[in-house]
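The next block is start05.pdb, given as PDB, C-alpha atoms.
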MODEL        1
ATOM      1  CA  MET X   1     -73.112 -67.489  66.634  1.00  0.00           C
ATOM      2  CA  GLU X   2     -70.576 -64.654  66.503  1.00  0.00           C
ATOM      3  CA  PRO X   3     -71.565 -61.812  64.127  1.00  0.00           C
ATOM      4  CA  THR X   4     -68.641 -62.600  61.816  1.00  0.00           C
ATOM      5  CA  ALA X   5     -69.676 -66.259  61.794  1.00  0.00           C
ATOM      6  CA  TYR X   6     -72.762 -65.654  59.654  1.00  0.00           C
ATOM      7  CA  PRO X   7     -71.859 -66.506  56.058  1.00  0.00           C
ATOM      8  CA  LEU X   8     -72.872 -64.135  53.285  1.00  0.00           C
ATOM      9  CA  GLU X   9     -74.485 -67.060  51.429  1.00  0.00           C
ATOM     10  CA  LEU X  10     -75.810 -70.456  52.448  1.00  0.00           C
ATOM     11  CA  THR X  11     -76.783 -73.406  50.308  1.00  0.00           C
ATOM     12  CA  VAL X  12     -80.410 -74.489  50.430  1.00  0.00           C
ATOM     13  CA  ALA X  13     -79.310 -77.577  52.373  1.00  0.00           C
ATOM     14  CA  GLU X  14     -77.588 -75.406  54.991  1.00  0.00           C
ATOM     15  CA  ALA X  15     -80.615 -73.100  55.238  1.00  0.00           C
ATOM     16  CA  HIS X  16     -82.971 -76.056  55.574  1.00  0.00           C
ATOM     17  CA  ALA X  17     -80.803 -77.563  58.313  1.00  0.00           C
ATOM     18  CA  LEU X  18     -80.788 -74.273  60.251  1.00  0.00           C
ATOM     19  CA  LEU X  19     -84.567 -74.054  60.065  1.00  0.00           C
ATOM     20  CA  ALA X  20     -84.966 -77.659  61.194  1.00  0.00           C
ATOM     21  CA  ALA X  21     -82.385 -77.461  63.983  1.00  0.00           C
ATOM     22  CA  GLY X  22     -83.906 -74.663  65.965  1.00  0.00           C
ATOM     23  CA  PRO X  23     -87.437 -73.433  65.481  1.00  0.00           C
ATOM     24  CA  GLY X  24     -87.473 -69.700  66.098  1.00  0.00           C
ATOM     25  CA  GLN X  25     -83.750 -69.274  65.537  1.00  0.00           C
ATOM     26  CA  ALA X  26     -83.910 -68.588  61.797  1.00  0.00           C
ATOM     27  CA  LEU X  27     -86.472 -67.005  59.497  1.00  0.00           C
ATOM     28  CA  ILE X  28     -86.756 -67.056  55.723  1.00  0.00           C
ATOM     29  CA  LEU X  29     -87.291 -63.574  54.321  1.00  0.00           C
ATOM     30  CA  ASP X  30     -88.727 -64.032  50.822  1.00  0.00           C
ATOM     31  CA  VAL X  31     -88.050 -60.914  48.730  1.00  0.00           C
ATOM     32  CA  ARG X  32     -89.821 -62.041  45.552  1.00  0.00           C
ATOM     33  CA  GLU X  33     -92.770 -60.215  44.013  1.00  0.00           C
ATOM     34  CA  PRO X  34     -96.412 -61.151  44.775  1.00  0.00           C
ATOM     35  CA  ASP X  35     -96.881 -62.770  41.346  1.00  0.00           C
ATOM     36  CA  GLU X  36     -93.899 -65.038  42.071  1.00  0.00           C
ATOM     37  CA  LEU X  37     -95.239 -65.894  45.521  1.00  0.00           C
ATOM     38  CA  ALA X  38     -98.521 -66.922  43.881  1.00  0.00           C
ATOM     39  CA  VAL X  39     -96.589 -69.622  41.999  1.00  0.00           C
ATOM     40  CA  ALA X  40     -94.338 -70.993  44.746  1.00  0.00           C
ATOM     41  CA  GLN X  41     -93.664 -70.416  48.438  1.00  0.00           C
ATOM     42  CA  VAL X  42     -91.674 -71.905  51.281  1.00  0.00           C
ATOM     43  CA  GLU X  43     -93.925 -72.551  54.256  1.00  0.00           C
ATOM     44  CA  GLY X  44     -93.304 -70.220  57.166  1.00  0.00           C
ATOM     45  CA  ALA X  45     -91.413 -67.598  55.169  1.00  0.00           C
ATOM     46  CA  ARG X  46     -92.061 -63.896  55.685  1.00  0.00           C
ATOM     47  CA  ALA X  47     -92.665 -62.172  52.345  1.00  0.00           C
ATOM     48  CA  ILE X  48     -91.533 -58.602  51.692  1.00  0.00           C
ATOM     49  CA  PRO X  49     -90.807 -57.652  48.058  1.00  0.00           C
ATOM     50  CA  MET X  50     -87.237 -56.410  47.616  1.00  0.00           C
ATOM     51  CA  ARG X  51     -88.265 -52.823  46.839  1.00  0.00           C
ATOM     52  CA  GLN X  52     -90.245 -52.675  50.110  1.00  0.00           C
ATOM     53  CA  VAL X  53     -87.493 -53.994  52.398  1.00  0.00           C
ATOM     54  CA  PRO X  54     -86.135 -50.497  53.283  1.00  0.00           C
ATOM     55  CA  ALA X  55     -89.569 -49.494  54.608  1.00  0.00           C
ATOM     56  CA  HIS X  56     -89.727 -52.643  56.771  1.00  0.00           C
ATOM     57  CA  VAL X  57     -86.214 -52.684  58.239  1.00  0.00           C
ATOM     58  CA  ASP X  58     -87.483 -51.728  61.695  1.00  0.00           C
ATOM     59  CA  SER X  59     -89.980 -54.594  61.703  1.00  0.00           C
ATOM     60  CA  LEU X  60     -87.409 -57.310  60.954  1.00  0.00           C
ATOM     61  CA  PRO X  61     -86.179 -59.365  63.901  1.00  0.00           C
ATOM     62  CA  ARG X  62     -82.587 -58.841  64.935  1.00  0.00           C
ATOM     63  CA  ASP X  63     -82.592 -61.829  67.283  1.00  0.00           C
ATOM     64  CA  ARG X  64     -83.014 -64.417  64.505  1.00  0.00           C
ATOM     65  CA  HIS X  65     -80.820 -65.464  61.605  1.00  0.00           C
ATOM     66  CA  LEU X  66     -82.497 -64.002  58.509  1.00  0.00           C
ATOM     67  CA  LEU X  67     -82.237 -66.269  55.477  1.00  0.00           C
ATOM     68  CA  VAL X  68     -83.033 -64.171  52.417  1.00  0.00           C
ATOM     69  CA  LEU X  69     -84.694 -65.963  49.492  1.00  0.00           C
ATOM     70  CA  CYS X  70     -85.530 -64.944  45.925  1.00  0.00           C
ATOM     71  CA  HIS X  71     -85.862 -66.828  42.630  1.00  0.00           C
ATOM     72  CA  HIS X  72     -82.214 -67.612  41.845  1.00  0.00           C
ATOM     73  CA  GLY X  73     -80.160 -65.751  44.471  1.00  0.00           C
ATOM     74  CA  GLN X  74     -79.280 -62.381  42.951  1.00  0.00           C
ATOM     75  CA  ARG X  75     -81.963 -60.243  44.643  1.00  0.00           C
ATOM     76  CA  SER X  76     -81.481 -62.046  47.942  1.00  0.00           C
ATOM     77  CA  LEU X  77     -77.758 -61.297  47.847  1.00  0.00           C
ATOM     78  CA  ARG X  78     -78.473 -57.596  47.224  1.00  0.00           C
ATOM     79  CA  VAL X  79     -80.928 -57.515  50.144  1.00  0.00           C
ATOM     80  CA  THR X  80     -78.419 -59.335  52.355  1.00  0.00           C
ATOM     81  CA  HIS X  81     -75.801 -56.661  51.611  1.00  0.00           C
ATOM     82  CA  PHE X  82     -78.389 -53.929  52.268  1.00  0.00           C
ATOM     83  CA  LEU X  83     -79.396 -55.420  55.619  1.00  0.00           C
ATOM     84  CA  ARG X  84     -75.783 -55.898  56.681  1.00  0.00           C
ATOM     85  CA  ASP X  85     -75.127 -52.259  55.781  1.00  0.00           C
ATOM     86  CA  HIS X  86     -78.024 -51.391  58.104  1.00  0.00           C
ATOM     87  CA  GLY X  87     -76.687 -53.229  61.128  1.00  0.00           C
ATOM     88  CA  PHE X  88     -77.971 -56.772  60.643  1.00  0.00           C
ATOM     89  CA  ALA X  89     -75.117 -59.195  61.278  1.00  0.00           C
ATOM     90  CA  ALA X  90     -77.234 -62.359  61.320  1.00  0.00           C
ATOM     91  CA  VAL X  91     -78.357 -62.350  57.699  1.00  0.00           C
ATOM     92  CA  SER X  92     -77.423 -64.668  54.830  1.00  0.00           C
ATOM     93  CA  SER X  93     -78.604 -65.084  51.258  1.00  0.00           C
ATOM     94  CA  ILE X  94     -79.890 -68.500  50.172  1.00  0.00           C
ATOM     95  CA  ALA X  95     -77.797 -69.315  47.098  1.00  0.00           C
ATOM     96  CA  GLY X  96     -79.829 -70.620  44.186  1.00  0.00           C
ATOM     97  CA  GLY X  97     -83.093 -69.269  45.611  1.00  0.00           C
ATOM     98  CA  ILE X  98     -86.424 -71.032  45.458  1.00  0.00           C
ATOM     99  CA  GLU X  99     -85.317 -72.752  42.259  1.00  0.00           C
ATOM    100  CA  ALA X 100     -82.612 -74.632  44.178  1.00  0.00           C
ATOM    101  CA  TRP X 101     -85.040 -75.190  47.063  1.00  0.00           C
ATOM    102  CA  ALA X 102     -87.497 -76.897  44.690  1.00  0.00           C
ATOM    103  CA  VAL X 103     -84.766 -79.059  43.154  1.00  0.00           C
ATOM    104  CA  GLU X 104     -82.849 -80.027  46.305  1.00  0.00           C
ATOM    105  CA  ILE X 105     -85.226 -79.705  49.278  1.00  0.00           C
ATOM    106  CA  ASP X 106     -88.882 -79.872  48.284  1.00  0.00           C
ATOM    107  CA  PRO X 107     -89.829 -81.117  44.802  1.00  0.00           C
ATOM    108  CA  ALA X 108     -93.470 -80.241  45.574  1.00  0.00           C
ATOM    109  CA  VAL X 109     -92.554 -76.552  45.282  1.00  0.00           C
ATOM    110  CA  PRO X 110     -93.448 -75.478  41.718  1.00  0.00           C
ATOM    111  CA  ARG X 111     -90.637 -74.281  39.476  1.00  0.00           C
ATOM    112  CA  TYR X 112     -91.003 -71.315  37.151  1.00  0.00           C
TER     113      TYR X 112
ENDMDL
END
Rewrite the structure of this file - the entire thing - as structure tokens.
Amino acid sequence: MEPTAYPLELTVAEAHALLAAGPGQALILDVREPDELAVAQVEGARAIPMRQVPAHVDSLPRDRHLLVLCHHGQRSLRVTHFLRDHGFAAVSSIAGGIEAWAVEIDPAVPRY
């Protein structure tokens, strides 16, 4: 995908389809806090709390589409902007966050 082709935000359905279409091509980056992760998680996601993302920029893959997830989508959008400002073109926020994921993709994921 061309760098300009990565949307700033994706719906949970679009994110789910990307994950299903090509294992290893996309990665969910969950930026919620540990207490939130204790309640609900998306299998296979990499968890880094938002405030710790700057310290982990060098460890994030640049060869995969990063799909940033939070509770409702505000923190993930901020992290997406931050990562784009730091040279990541292939990064998108998951609109609606894990709340939308639980409602639209996986009802087994607890809501809070």
Within 9 Å of segment 5-15 of chain X, which residues of segment 73-99 of chain X show up? Give each one with its shortest atom-to-atom distance in Å (one decimal) and the two atoms involved, counting all atoms listed in the file, rows by chain then rising residue number, as CSV.
residue,atom,partner,partner_atom,distance
X:Leu77,CA,X:Glu9,CA,7.5
X:Thr80,CA,X:Leu8,CA,7.4
X:His81,CA,X:Leu8,CA,8.2
X:Ala89,CA,X:Tyr6,CA,7.1
X:Ala90,CA,X:Tyr6,CA,5.8
X:Val91,CA,X:Tyr6,CA,6.8
X:Ser92,CA,X:Leu8,CA,4.8
X:Ser93,CA,X:Glu9,CA,4.6
X:Ile94,CA,X:Leu10,CA,5.1
X:Ala95,CA,X:Thr11,CA,5.3
X:Gly96,CA,X:Val12,CA,7.4
X:Gly97,CA,X:Val12,CA,7.6
X:Ile98,CA,X:Val12,CA,8.5
On this structure, the PyMOL selection byres ((chain X and resi 31-33) around 9) would catch which residues? List them as a ChimeraX atom specification, sorted by chain and number. /X:29-30,34-38,46-53,68-71,75-76,79
Can you measure atom CA of Ala102 of chain X to atom CA of Gln25 of chain X for me? One decimal in Å is fine. 22.5 Å
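Atom CA of Trp101 of chain X is positioned 27.4 Å from atom CA of Gly87 of chain X.
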To one decimal in Å, tell me the separation between atom CA of Val109 of chain X and atom CA of Arg62 of chain X. 28.3 Å
Find the residues around Ala26 of chain X up to 9 Å (all atoms listed in the file counted), leave out those fewer than 2 positions away in its own chain, and share them as a PDB file with C-alpha atoms, keeping the file's coordinate frame.
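Result file follows (around-v4.pdb):
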ATOM      1  CA  ALA X  15     -80.615 -73.100  55.238  1.00  0.00           C
ATOM      2  CA  LEU X  18     -80.788 -74.273  60.251  1.00  0.00           C
ATOM      3  CA  LEU X  19     -84.567 -74.054  60.065  1.00  0.00           C
ATOM      4  CA  GLY X  22     -83.906 -74.663  65.965  1.00  0.00           C
ATOM      5  CA  PRO X  23     -87.437 -73.433  65.481  1.00  0.00           C
ATOM      6  CA  GLY X  24     -87.473 -69.700  66.098  1.00  0.00           C
ATOM      7  CA  ILE X  28     -86.756 -67.056  55.723  1.00  0.00           C
ATOM      8  CA  ASP X  63     -82.592 -61.829  67.283  1.00  0.00           C
ATOM      9  CA  ARG X  64     -83.014 -64.417  64.505  1.00  0.00           C
ATOM     10  CA  HIS X  65     -80.820 -65.464  61.605  1.00  0.00           C
ATOM     11  CA  LEU X  66     -82.497 -64.002  58.509  1.00  0.00           C
ATOM     12  CA  LEU X  67     -82.237 -66.269  55.477  1.00  0.00           C
TER      13      LEU X  67
END
Edge lengths and centre in Å to one decimal, as JSON, is what I'm after for the box along x, y and z that holds all listed atoms of segment 40-57 of chain X once 4 Å is added on each side.
{"center_x": -90.2, "center_y": -61.0, "center_z": 51.5, "size_x": 16.2, "size_y": 31.1, "size_z": 21.5}
On this structure, which residues satisfy the PyMOL selection byres ((chain X and resi 57) around 10), written as number ranges by chain? X: 52-56, 58-62, 82-83, 86-88
What would the file look like if the residues just selected were written as a tab-separated table (two decimals), in the frame of the given file with C-alpha atoms?
chain	number	residue	atom	x	y	z
X	52	GLN	CA	-90.24	-52.68	50.11
X	53	VAL	CA	-87.49	-53.99	52.40
X	54	PRO	CA	-86.14	-50.50	53.28
X	55	ALA	CA	-89.57	-49.49	54.61
X	56	HIS	CA	-89.73	-52.64	56.77
X	58	ASP	CA	-87.48	-51.73	61.70
X	59	SER	CA	-89.98	-54.59	61.70
X	60	LEU	CA	-87.41	-57.31	60.95
X	61	PRO	CA	-86.18	-59.36	63.90
X	62	ARG	CA	-82.59	-58.84	64.94
X	82	PHE	CA	-78.39	-53.93	52.27
X	83	LEU	CA	-79.40	-55.42	55.62
X	86	HIS	CA	-78.02	-51.39	58.10
X	87	GLY	CA	-76.69	-53.23	61.13
X	88	PHE	CA	-77.97	-56.77	60.64
